[in-house]
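Structure file structure_6.cif (mmCIF, C-alpha atoms) is printed below.
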data_final
#
loop_
_atom_site.label_atom_id
_atom_site.label_comp_id
_atom_site.auth_asym_id
_atom_site.auth_seq_id
_atom_site.Cartn_x
_atom_site.Cartn_y
_atom_site.Cartn_z
CA MET A 1 -2.61 -21.16 -5.83
CA SER A 2 -5.72 -23.20 -5.31
CA THR A 3 -9.11 -21.62 -5.71
CA ASP A 4 -11.53 -23.45 -3.45
CA GLY A 5 -13.72 -20.41 -3.08
CA ALA A 6 -14.08 -20.87 0.66
CA ALA A 7 -13.42 -17.28 1.60
CA ALA A 8 -15.03 -15.48 -1.30
CA SER A 9 -18.46 -13.95 -1.53
CA GLU A 10 -20.08 -12.47 -4.61
CA ARG A 11 -18.73 -9.04 -3.72
CA THR A 12 -15.19 -10.32 -3.28
CA ARG A 13 -15.15 -12.44 -6.42
CA VAL A 14 -12.31 -11.24 -8.63
CA ARG A 15 -13.66 -9.73 -11.87
CA ARG A 16 -10.54 -8.64 -13.69
CA GLY A 17 -7.65 -11.05 -14.29
CA ALA A 18 -9.73 -13.89 -12.84
CA HIS A 19 -6.97 -16.36 -13.67
CA ARG A 20 -4.87 -14.60 -11.04
CA ALA A 21 -7.56 -14.82 -8.38
CA VAL A 22 -6.79 -16.44 -5.04
CA TYR A 23 -9.55 -17.72 -2.78
CA ASP A 24 -7.75 -20.37 -0.78
CA ARG A 25 -7.84 -19.33 2.86
CA ALA A 26 -4.29 -20.42 3.67
CA ASP A 27 -2.92 -18.53 0.68
CA LEU A 28 -4.85 -15.40 1.65
CA LEU A 29 -3.61 -15.61 5.23
CA ASP A 30 -0.06 -15.96 3.89
CA VAL A 31 -0.41 -12.63 2.12
CA LEU A 32 -1.94 -11.01 5.20
CA GLY A 33 0.98 -12.42 7.19
CA ALA A 34 3.55 -10.94 4.82
CA GLY A 35 2.01 -7.47 4.54
CA LEU A 36 3.16 -4.46 6.54
CA VAL A 37 0.25 -2.04 6.33
CA ALA A 38 -3.38 -2.30 5.32
CA HIS A 39 -5.21 0.36 3.35
CA VAL A 40 -8.53 0.78 5.08
CA GLY A 41 -11.45 2.26 3.19
CA VAL A 42 -14.55 3.71 4.82
CA LEU A 43 -17.35 5.93 3.66
CA THR A 44 -17.38 9.39 5.25
CA ASP A 45 -19.75 12.32 4.74
CA ASP A 46 -17.14 13.60 2.28
CA GLY A 47 -16.88 10.42 0.25
CA PRO A 48 -14.63 7.40 0.56
CA LEU A 49 -11.51 7.74 2.70
CA VAL A 50 -8.55 5.37 2.49
CA LEU A 51 -5.76 5.48 5.06
CA PRO A 52 -2.79 3.20 5.72
CA MET A 53 -2.87 1.43 9.06
CA ALA A 54 -0.92 -1.18 10.96
CA TYR A 55 -2.89 -4.37 11.43
CA GLY A 56 -2.85 -7.85 12.85
CA HIS A 57 -5.06 -10.89 12.54
CA ASP A 58 -5.92 -14.08 14.39
CA HIS A 59 -7.04 -16.11 11.34
CA HIS A 60 -10.67 -15.17 12.01
CA ARG A 61 -10.64 -11.40 12.18
CA ILE A 62 -8.33 -8.60 11.09
CA TYR A 63 -7.62 -5.99 13.75
CA LEU A 64 -6.97 -2.27 13.44
CA HIS A 65 -6.29 0.31 16.11
CA GLY A 66 -5.90 4.01 16.60
CA ALA A 67 -6.46 6.85 18.99
CA ALA A 68 -9.85 6.82 20.70
CA GLY A 69 -10.99 9.70 18.51
CA ASN A 70 -9.59 8.35 15.23
CA GLY A 71 -12.04 9.59 12.62
CA LEU A 72 -11.62 6.74 10.17
CA LEU A 73 -12.10 4.05 12.82
CA ARG A 74 -15.06 5.94 14.30
CA ALA A 75 -16.65 5.99 10.84
CA ALA A 76 -15.84 2.30 10.39
CA ILE A 77 -17.63 0.99 13.48
CA GLY A 78 -20.96 -0.53 12.50
CA ALA A 79 -20.33 0.13 8.83
CA GLN A 80 -19.12 -1.77 5.79
CA VAL A 81 -15.41 -1.34 5.24
CA CYS A 82 -12.72 -2.62 2.92
CA VAL A 83 -9.28 -3.61 4.15
CA THR A 84 -6.69 -4.16 1.44
CA VAL A 85 -3.14 -5.45 1.84
CA THR A 86 -0.72 -5.29 -1.09
CA LEU A 87 2.84 -6.43 -1.65
CA VAL A 88 4.65 -5.28 -4.77
CA ASP A 89 7.13 -7.92 -5.93
CA GLY A 90 8.46 -6.35 -9.09
CA LEU A 91 7.89 -4.59 -12.37
CA VAL A 92 6.66 -6.42 -15.47
CA ILE A 93 7.90 -4.65 -18.59
CA ALA A 94 6.27 -5.93 -21.72
CA ARG A 95 7.10 -5.28 -25.35
CA THR A 96 4.28 -2.74 -25.36
CA PRO A 97 2.94 -0.60 -22.49
CA PHE A 98 -0.51 -2.18 -22.83
CA HIS A 99 0.91 -5.34 -21.24
CA ASP A 100 3.08 -3.67 -18.62
CA SER A 101 2.15 -4.81 -15.14
CA MET A 102 3.48 -5.39 -11.65
CA ASN A 103 4.08 -8.68 -9.98
CA HIS A 104 2.23 -8.44 -6.73
CA ARG A 105 0.16 -10.12 -4.07
CA SER A 106 -2.95 -8.50 -2.66
CA VAL A 107 -5.85 -9.39 -0.43
CA VAL A 108 -9.16 -7.55 -0.18
CA VAL A 109 -11.33 -8.04 2.90
CA ARG A 110 -14.85 -6.61 2.92
CA GLY A 111 -17.14 -6.71 5.90
CA LEU A 112 -18.81 -5.05 8.83
CA ALA A 113 -16.38 -3.39 11.22
CA GLU A 114 -17.01 -3.75 14.93
CA GLU A 115 -15.43 -2.17 17.96
CA VAL A 116 -13.40 -4.69 19.93
CA LEU A 117 -14.36 -4.62 23.58
CA GLY A 118 -13.56 -6.45 26.80
CA SER A 119 -10.87 -9.07 27.07
CA GLU A 120 -10.56 -9.38 23.29
CA ARG A 121 -8.93 -5.94 23.26
CA GLN A 122 -5.72 -7.19 24.81
CA SER A 123 -5.31 -10.09 22.39
CA ALA A 124 -6.21 -7.87 19.45
CA LEU A 125 -3.58 -5.31 20.42
CA ARG A 126 -1.08 -8.09 20.86
CA ALA A 127 -1.88 -9.38 17.38
CA ILE A 128 -1.30 -5.91 15.90
CA THR A 129 1.89 -5.31 17.89
CA ASP A 130 3.34 -8.73 17.08
CA HIS A 131 2.29 -8.72 13.43
CA VAL A 132 5.64 -7.77 11.88
CA VAL A 133 7.93 -8.64 14.79
CA ALA A 134 6.87 -9.97 18.17
CA ASN A 135 7.56 -7.27 20.75
CA TRP A 136 4.47 -7.21 22.93
CA ASP A 137 6.05 -9.42 25.59
CA THR A 138 9.44 -7.68 25.50
CA GLY A 139 8.11 -4.16 26.07
CA ARG A 140 6.57 -2.42 29.06
CA PRO A 141 2.95 -3.62 29.34
CA PRO A 142 0.37 -0.96 28.50
CA HIS A 143 -1.02 1.20 31.29
CA ALA A 144 -4.78 1.18 31.79
CA ALA A 145 -4.87 4.82 30.65
CA GLU A 146 -3.09 3.92 27.42
CA LEU A 147 -5.60 1.15 26.76
CA ARG A 148 -8.47 3.57 27.38
CA ARG A 149 -7.01 5.98 24.84
CA THR A 150 -6.87 3.23 22.20
CA LEU A 151 -9.71 2.27 19.89
CA VAL A 152 -9.64 -1.28 18.53
CA VAL A 153 -11.74 -2.38 15.58
CA SER A 154 -12.07 -5.73 13.86
CA VAL A 155 -13.42 -7.00 10.55
CA PRO A 156 -14.26 -10.68 10.05
CA LEU A 157 -12.08 -12.60 7.59
CA ASP A 158 -15.22 -14.15 6.07
CA GLU A 159 -15.38 -12.32 2.77
CA MET A 160 -12.00 -12.00 1.18
CA SER A 161 -10.19 -12.67 -2.02
CA GLY A 162 -6.74 -12.11 -3.38
CA LYS A 163 -4.82 -11.62 -6.53
CA VAL A 164 -1.33 -12.85 -7.24
CA ARG A 165 0.69 -12.06 -10.33
CA THR A 166 4.06 -13.69 -10.92
CA GLY A 167 6.36 -14.23 -13.85
CA ASP A 168 6.90 -12.82 -17.29
CA PRO A 169 4.81 -10.35 -19.27
CA GLY A 170 1.98 -11.72 -21.37
CA ASP A 171 2.77 -10.17 -24.71
CA GLU A 172 0.85 -10.58 -27.96
CA THR A 173 2.10 -13.40 -30.19
CA HIS A 174 2.78 -10.98 -33.01
CA ASP A 175 5.13 -8.99 -30.76
CA LEU A 176 7.33 -11.92 -29.78
CA THR A 177 9.57 -11.61 -32.82
CA GLY A 178 9.75 -7.83 -32.63
CA PRO A 179 12.74 -5.74 -31.55
CA HIS A 180 11.49 -4.84 -28.06
CA TRP A 181 12.80 -6.11 -24.75
CA ALA A 182 10.49 -7.84 -22.29
CA GLY A 183 11.12 -9.01 -18.77
CA THR A 184 10.76 -8.31 -15.08
CA VAL A 185 12.60 -6.25 -12.49
CA PRO A 186 12.29 -7.84 -9.05
CA LEU A 187 11.81 -5.63 -6.00
CA ARG A 188 13.72 -6.74 -2.94
CA ARG A 189 12.66 -5.58 0.51
CA GLN A 190 15.09 -6.06 3.36
CA TRP A 191 15.18 -5.01 7.00
CA GLY A 192 18.26 -3.05 7.98
CA THR A 193 20.15 -3.30 11.24
CA PRO A 194 18.10 -2.21 14.26
CA GLN A 195 19.11 1.33 15.26
CA PRO A 196 18.93 2.20 18.97
CA SER A 197 16.96 5.29 19.89
CA GLU A 198 19.12 8.34 20.65
CA ASP A 199 17.67 8.46 24.16
CA LEU A 200 18.39 4.79 24.89
CA GLU A 201 20.57 4.21 27.94
CA GLU A 202 23.80 2.32 27.39
CA GLY A 203 23.85 -1.44 27.77
CA ILE A 204 20.32 -2.19 26.60
CA GLY A 205 20.27 -4.40 23.52
CA PRO A 206 17.28 -5.10 21.26
CA PRO A 207 15.02 -8.07 22.03
CA ALA A 208 16.11 -11.24 20.21
CA ALA A 209 13.21 -11.08 17.75
CA VAL A 210 14.05 -7.50 16.77
CA GLN A 211 17.77 -8.30 16.54
CA ALA A 212 16.95 -11.25 14.27
CA LEU A 213 15.06 -8.98 11.85
CA GLY A 214 18.25 -7.19 10.82
CA GLY A 215 19.28 -8.20 7.32
CA ARG A 216 16.21 -10.35 6.77
CA ILE A 217 14.75 -10.28 3.27
CA LEU A 218 10.98 -9.91 3.28
CA ARG A 219 9.02 -12.61 1.50
CA MET B 1 8.47 19.63 5.66
CA SER B 2 6.82 22.98 5.19
CA THR B 3 3.10 23.31 5.72
CA ASP B 4 1.84 26.10 3.51
CA GLY B 5 -1.58 24.52 3.28
CA ALA B 6 -1.85 25.12 -0.46
CA ALA B 7 -3.11 21.67 -1.33
CA ALA B 8 -5.30 20.89 1.66
CA SER B 9 -9.01 21.26 2.03
CA GLU B 10 -11.06 20.75 5.16
CA ARG B 11 -11.63 17.10 4.27
CA THR B 12 -7.92 16.47 3.70
CA ARG B 13 -6.73 18.25 6.83
CA VAL B 14 -4.80 15.79 8.95
CA ARG B 15 -6.62 15.13 12.23
CA ARG B 16 -4.36 12.62 13.96
CA GLY B 17 -0.66 13.27 14.43
CA ALA B 18 -1.11 16.77 13.02
CA HIS B 19 2.55 17.56 13.76
CA ARG B 20 3.40 15.01 11.06
CA ALA B 21 1.08 16.54 8.49
CA VAL B 22 2.46 17.60 5.13
CA TYR B 23 0.60 20.10 2.96
CA ASP B 24 3.41 21.52 0.84
CA ARG B 25 2.70 20.68 -2.76
CA ALA B 26 6.29 19.88 -3.72
CA ASP B 27 6.64 17.54 -0.75
CA LEU B 28 3.38 15.78 -1.61
CA LEU B 29 4.44 15.38 -5.25
CA ASP B 30 7.74 13.92 -4.03
CA VAL B 31 5.84 11.20 -2.22
CA LEU B 32 3.61 10.56 -5.24
CA GLY B 33 6.76 10.34 -7.34
CA ALA B 34 8.36 7.78 -5.04
CA GLY B 35 5.31 5.52 -4.65
CA LEU B 36 4.74 2.36 -6.67
CA VAL B 37 1.02 1.69 -6.33
CA ALA B 38 -1.97 3.73 -5.21
CA HIS B 39 -4.80 2.32 -3.15
CA VAL B 40 -7.96 3.61 -4.76
CA GLY B 41 -11.17 3.75 -2.76
CA VAL B 42 -14.63 4.05 -4.28
CA LEU B 43 -18.12 3.50 -2.99
CA THR B 44 -19.92 0.53 -4.56
CA ASP B 45 -23.41 -0.85 -3.93
CA ASP B 46 -21.69 -3.28 -1.57
CA GLY B 47 -19.82 -0.67 0.44
CA PRO B 48 -16.39 0.85 0.02
CA LEU B 49 -13.93 -0.99 -2.23
CA VAL B 50 -10.17 -0.40 -2.13
CA LEU B 51 -7.89 -1.85 -4.81
CA PRO B 52 -4.21 -1.35 -5.58
CA MET B 53 -3.50 0.26 -8.94
CA ALA B 54 -0.59 1.57 -10.93
CA TYR B 55 -0.73 5.33 -11.36
CA GLY B 56 1.00 8.33 -12.81
CA HIS B 57 0.59 12.09 -12.47
CA ASP B 58 1.39 15.30 -14.32
CA HIS B 59 1.51 17.57 -11.23
CA HIS B 60 -2.13 18.57 -11.76
CA ARG B 61 -4.01 15.28 -11.91
CA ILE B 62 -3.35 11.71 -10.88
CA TYR B 63 -4.09 9.10 -13.55
CA LEU B 64 -5.38 5.54 -13.21
CA HIS B 65 -6.15 2.99 -15.88
CA GLY B 66 -7.66 -0.41 -16.35
CA ALA B 67 -9.65 -2.58 -18.70
CA ALA B 68 -12.63 -0.86 -20.30
CA GLY B 69 -14.97 -2.82 -18.03
CA ASN B 70 -12.99 -2.35 -14.82
CA GLY B 71 -15.63 -2.23 -12.09
CA LEU B 72 -13.77 0.02 -9.70
CA LEU B 73 -12.94 2.59 -12.35
CA ARG B 74 -16.50 2.42 -13.71
CA ALA B 75 -17.77 3.15 -10.20
CA ALA B 76 -15.23 5.95 -9.83
CA ILE B 77 -16.23 8.00 -12.87
CA GLY B 78 -18.33 10.96 -11.78
CA ALA B 79 -18.00 10.03 -8.13
CA GLN B 80 -15.92 11.06 -5.15
CA VAL B 81 -12.88 8.83 -4.71
CA CYS B 82 -9.83 8.61 -2.49
CA VAL B 83 -6.40 7.77 -3.85
CA THR B 84 -3.78 6.95 -1.25
CA VAL B 85 -0.08 6.31 -1.78
CA THR B 86 2.04 4.95 1.07
CA LEU B 87 5.71 4.16 1.49
CA VAL B 88 6.80 2.24 4.57
CA ASP B 89 10.31 3.28 5.61
CA GLY B 90 10.79 1.23 8.74
CA LEU B 91 9.54 -0.04 12.07
CA VAL B 92 9.49 2.11 15.18
CA ILE B 93 9.79 -0.05 18.26
CA ALA B 94 9.11 1.84 21.45
CA ARG B 95 9.62 0.83 25.03
CA THR B 96 5.92 0.01 25.18
CA PRO B 97 3.61 -1.14 22.37
CA PHE B 98 1.41 1.93 22.81
CA HIS B 99 4.15 4.00 21.15
CA ASP B 100 5.12 1.49 18.48
CA SER B 101 4.77 2.97 15.03
CA MET B 102 6.10 2.84 11.49
CA ASN B 103 8.18 5.43 9.77
CA HIS B 104 6.35 6.17 6.58
CA ARG B 105 5.30 8.69 3.96
CA SER B 106 1.75 8.83 2.69
CA VAL B 107 -0.40 11.06 0.55
CA VAL B 108 -4.19 11.11 0.44
CA VAL B 109 -5.93 12.64 -2.58
CA ARG B 110 -9.70 13.14 -2.48
CA GLY B 111 -11.74 14.37 -5.37
CA LEU B 112 -14.11 13.79 -8.22
CA ALA B 113 -12.91 11.17 -10.68
CA GLU B 114 -13.41 11.84 -14.38
CA GLU B 115 -12.91 9.69 -17.43
CA VAL B 116 -9.98 10.90 -19.50
CA LEU B 117 -10.98 11.36 -23.13
CA GLY B 118 -9.48 12.56 -26.38
CA SER B 119 -5.86 13.52 -26.77
CA GLU B 120 -5.32 13.60 -23.00
CA ARG B 121 -5.59 9.80 -22.99
CA GLN B 122 -2.24 9.30 -24.67
CA SER B 123 -0.36 11.61 -22.29
CA ALA B 124 -2.14 10.08 -19.29
CA LEU B 125 -1.17 6.55 -20.33
CA ARG B 126 2.39 7.74 -20.88
CA ALA B 127 2.44 9.24 -17.38
CA ILE B 128 1.27 5.91 -15.90
CA THR B 129 3.68 3.83 -18.00
CA ASP B 130 6.65 6.06 -17.27
CA HIS B 131 5.85 6.56 -13.57
CA VAL B 132 8.34 4.04 -12.12
CA VAL B 133 10.66 3.69 -15.10
CA ALA B 134 10.29 5.42 -18.48
CA ASN B 135 9.47 2.75 -21.05
CA TRP B 136 6.68 4.25 -23.13
CA ASP B 137 9.07 5.41 -25.86
CA THR B 138 11.14 2.22 -25.87
CA GLY B 139 8.23 -0.18 -26.38
CA ARG B 140 5.92 -0.89 -29.28
CA PRO B 141 3.36 1.95 -29.44
CA PRO B 142 -0.17 0.90 -28.49
CA HIS B 143 -2.54 -0.26 -31.22
CA ALA B 144 -5.81 1.63 -31.60
CA ALA B 145 -7.65 -1.50 -30.41
CA GLU B 146 -5.56 -1.62 -27.25
CA LEU B 147 -6.34 2.01 -26.54
CA ARG B 148 -10.06 1.33 -27.03
CA ARG B 149 -9.89 -1.49 -24.51
CA THR B 150 -8.31 0.80 -21.92
CA LEU B 151 -10.21 3.02 -19.53
CA VAL B 152 -8.34 6.05 -18.18
CA VAL B 153 -9.52 8.03 -15.18
CA SER B 154 -8.10 11.08 -13.47
CA VAL B 155 -8.52 12.81 -10.14
CA PRO B 156 -7.41 16.42 -9.65
CA LEU B 157 -4.49 16.99 -7.28
CA ASP B 158 -6.38 19.88 -5.68
CA GLU B 159 -7.33 18.34 -2.36
CA MET B 160 -4.49 16.38 -0.87
CA SER B 161 -2.49 16.03 2.27
CA GLY B 162 0.27 13.83 3.51
CA LYS B 163 1.81 12.42 6.59
CA VAL B 164 5.46 11.76 7.17
CA ARG B 165 6.92 10.05 10.21
CA THR B 166 10.68 9.78 10.65
CA GLY B 167 13.04 9.07 13.49
CA ASP B 168 12.93 7.55 16.94
CA PRO B 169 9.96 6.42 19.00
CA GLY B 170 8.24 9.00 21.18
CA ASP B 171 8.28 7.22 24.51
CA GLU B 172 6.92 8.50 27.80
CA THR B 173 9.47 10.33 29.95
CA HIS B 174 8.96 7.86 32.80
CA ASP B 175 9.95 4.99 30.50
CA LEU B 176 13.28 6.45 29.40
CA THR B 177 15.17 5.05 32.37
CA GLY B 178 13.47 1.67 32.18
CA PRO B 179 14.97 -1.63 31.04
CA HIS B 180 13.33 -1.74 27.60
CA TRP B 181 14.98 -1.27 24.25
CA ALA B 182 13.73 1.40 21.84
CA GLY B 183 14.74 2.14 18.30
CA THR B 184 13.98 1.74 14.65
CA VAL B 185 14.45 -0.94 12.02
CA PRO B 186 14.88 0.62 8.57
CA LEU B 187 13.25 -1.02 5.57
CA ARG B 188 15.34 -0.99 2.43
CA ARG B 189 13.74 -1.45 -0.97
CA GLN B 190 15.99 -2.19 -3.90
CA TRP B 191 15.42 -3.11 -7.54
CA GLY B 192 17.08 -6.33 -8.61
CA THR B 193 18.76 -7.03 -11.93
CA PRO B 194 16.32 -6.93 -14.88
CA GLN B 195 15.41 -10.50 -15.90
CA PRO B 196 14.70 -11.13 -19.58
CA SER B 197 11.43 -12.85 -20.40
CA GLU B 198 11.77 -16.55 -21.22
CA ASP B 199 10.34 -15.91 -24.67
CA LEU B 200 12.75 -13.07 -25.45
CA GLU B 201 14.84 -13.62 -28.57
CA GLU B 202 18.60 -13.59 -28.16
CA GLY B 203 20.46 -10.35 -28.57
CA ILE B 204 17.82 -7.94 -27.29
CA GLY B 205 18.98 -6.03 -24.23
CA PRO B 206 16.81 -3.97 -21.88
CA PRO B 207 16.30 -0.26 -22.58
CA ALA B 208 18.87 1.93 -20.85
CA ALA B 209 16.35 3.22 -18.29
CA VAL B 210 15.34 -0.32 -17.30
CA GLN B 211 18.98 -1.47 -17.19
CA ALA B 212 19.80 1.48 -14.93
CA LEU B 213 17.12 0.41 -12.42
CA GLY B 214 19.03 -2.73 -11.48
CA GLY B 215 20.54 -2.39 -8.03
CA ARG B 216 18.96 0.99 -7.40
CA ILE B 217 17.79 1.63 -3.87
CA LEU B 218 14.34 3.19 -3.73
CA ARG B 219 14.04 6.51 -1.93
#
Hey, can you dump this file as structure tokens for me?
Amino acid sequence: MSTDGAAASERTRVRRGAHRAVYDRADLLDVLGAGLVAHVGVLTDDGPLVLPMAYGHDHHRIYLHGAAGNGLLRAAIGAQVCVTVTLVDGLVIARTPFHDSMNHRSVVVRGLAEEVLGSERQSALRAITDHVVANWDTGRPPHAAELRRTLVVSVPLDEMSGKVRTGDPGDETHDLTGPHWAGTVPLRRQWGTPQPSEDLEEGIGPPAAVQALGGRILR
Amino acid sequence: MSTDGAAASERTRVRRGAHRAVYDRADLLDVLGAGLVAHVGVLTDDGPLVLPMAYGHDHHRIYLHGAAGNGLLRAAIGAQVCVTVTLVDGLVIARTPFHDSMNHRSVVVRGLAEEVLGSERQSALRAITDHVVANWDTGRPPHAAELRRTLVVSVPLDEMSGKVRTGDPGDETHDLTGPHWAGTVPLRRQWGTPQPSEDLEEGIGPPAAVQALGGRILR
């Protein structure tokens, strides 16, 4: 991973495990591309709130959506938020628990959330819908009423950083000749076969992109 | 899922998709037991910050740890935090993007974070270490210096709620006879075979619990 610093700001500089920091924009976008959900943090009157949300991005902004009255998104608009995407790739089991870890990739985006309005709404919703598997164009287009009931929010991808851990545990030298095992346990994530809805009429097959997901191992 | 409300407070009552809300303590602990990482949200001078962290729990408190100088944990101590655990179980592809969703399980814990001190530190670190696979007792016990370099924080499991979505998309009645496919794509997560560290001496096999992980499908 290169570390050109292009996408980092002081508040997204990685403090802990700095040797695992990722600042290269292409690498960060790779992680955002591979993730399934974002954990979105906002400040509410009751303290911080973190909820999982679907997301999409267009290389410049990350997009979130919800019902028009979604409390977290309402609190996000015009405020500083944090959007974090994490992929767990495996367990790291060291000779001593102090060095246990997880292999993982994560990206943290911090910035001012804005409501997405006008024509950008359609492309933002498309980005969210198509994020994991493209199905915007193969479904029934949204009704105007559905669009009105949907709140879309974006955060600029200007301040972000990531962390990537791969490989073996980093044990102490004095433990290397000890009796304890050390290694990793990879986590494999794989899409199963698409399952038709119980209320689906006969003779309708899944769109090609959805069909192609079946059996695919997630990277 | 039962909804006895025992673990919910006003600020953890589920607002959106309330029919998917989970408040039963045993159900919430099941989700915490199945999760791999928590997304921990704190308020910093720069706005909310959300980072992924390993965790453990003892049914009463959820435990987090990090380096003694860990900025997020330092900000958490004595403050309100949010700890969110999410498992993605599959994609829900509706006849129209408006009803696309993900099958998932999530738990949100909100509360006052406290530093864990004294004898509780050891049991907290054990709970974190043993959360995914028990390996505290099969590794080299921590040195006093390692314990001093570790910060342990807990949040009470008093205010929490969850959300569980399973099954088919919830399409509009007028779309059921349309031409569009609807269904789900399950996500399978499976542990691979434990891989010995490159610096592991010959003849040391993994602990039985780690060995038994290999090939296991995560629930």
Discussion item. Tell me as a PyMOL selection string which residues belonging to chain B come within 6 Å of chain A, counting only C-alpha atoms.
Written reply: chain B and resi 42+47-49+80-82+95-96+139-140+168+180-192+194-197+204+206
Can you tell me, as number ranges by chain, what residues are no more than 10 Å from Arg20 of chain B when counting all atoms listed in the file, ignoring any on the same chain fewer than 4 positions away?
B: 1, 3, 14, 16, 105, 162-166
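Coordinates place atom CA of Leu151 of chain B at a distance of 7.5 Å from atom CA of Glu115 of chain B.
Nearest residue to Ala209 of chain A, choosing from A:Leu117, A:Ala134, A:Ala124, A:Leu28 and counting all atoms listed in the file: A:Ala134.
The gap separating atom CA of Leu32 of chain B from atom CA of Val153 of chain B is 16.7 Å, in Å to one decimal.
Between atom CA of Ile62 of chain A and atom CA of Leu64 of chain B lies a distance of 28.3 Å.
Remark: for Tyr23 of chain A, the closest of the candidate residues A:Glu114, A:Glu202, A:Glu172, A:Asp158 is A:Asp158 (distances computed over all atoms listed in the file).
Counting all atoms listed in the file and comparing B:Pro156, B:Gly78, B:Gly35, B:Gly118, the residue that lies closest to Asp58 of chain B is B:Pro156.
Nearest to Ile77 of chain A of all the residues A:His65, A:Arg121, A:His19, A:His60 is A:His65, counting only C-alpha atoms.
With distances restricted to all atoms listed in the file, A:Ala113 is the closest residue to Ser154 of chain A from A:Arg25, A:Thr173, A:Ala113, A:Ala68.
Residue nearest His59 of chain B within the list B:Ala75, B:Val155, B:Val22, B:Ala145: B:Val155 [criterion: smallest interatomic distance, all atoms listed in the file].
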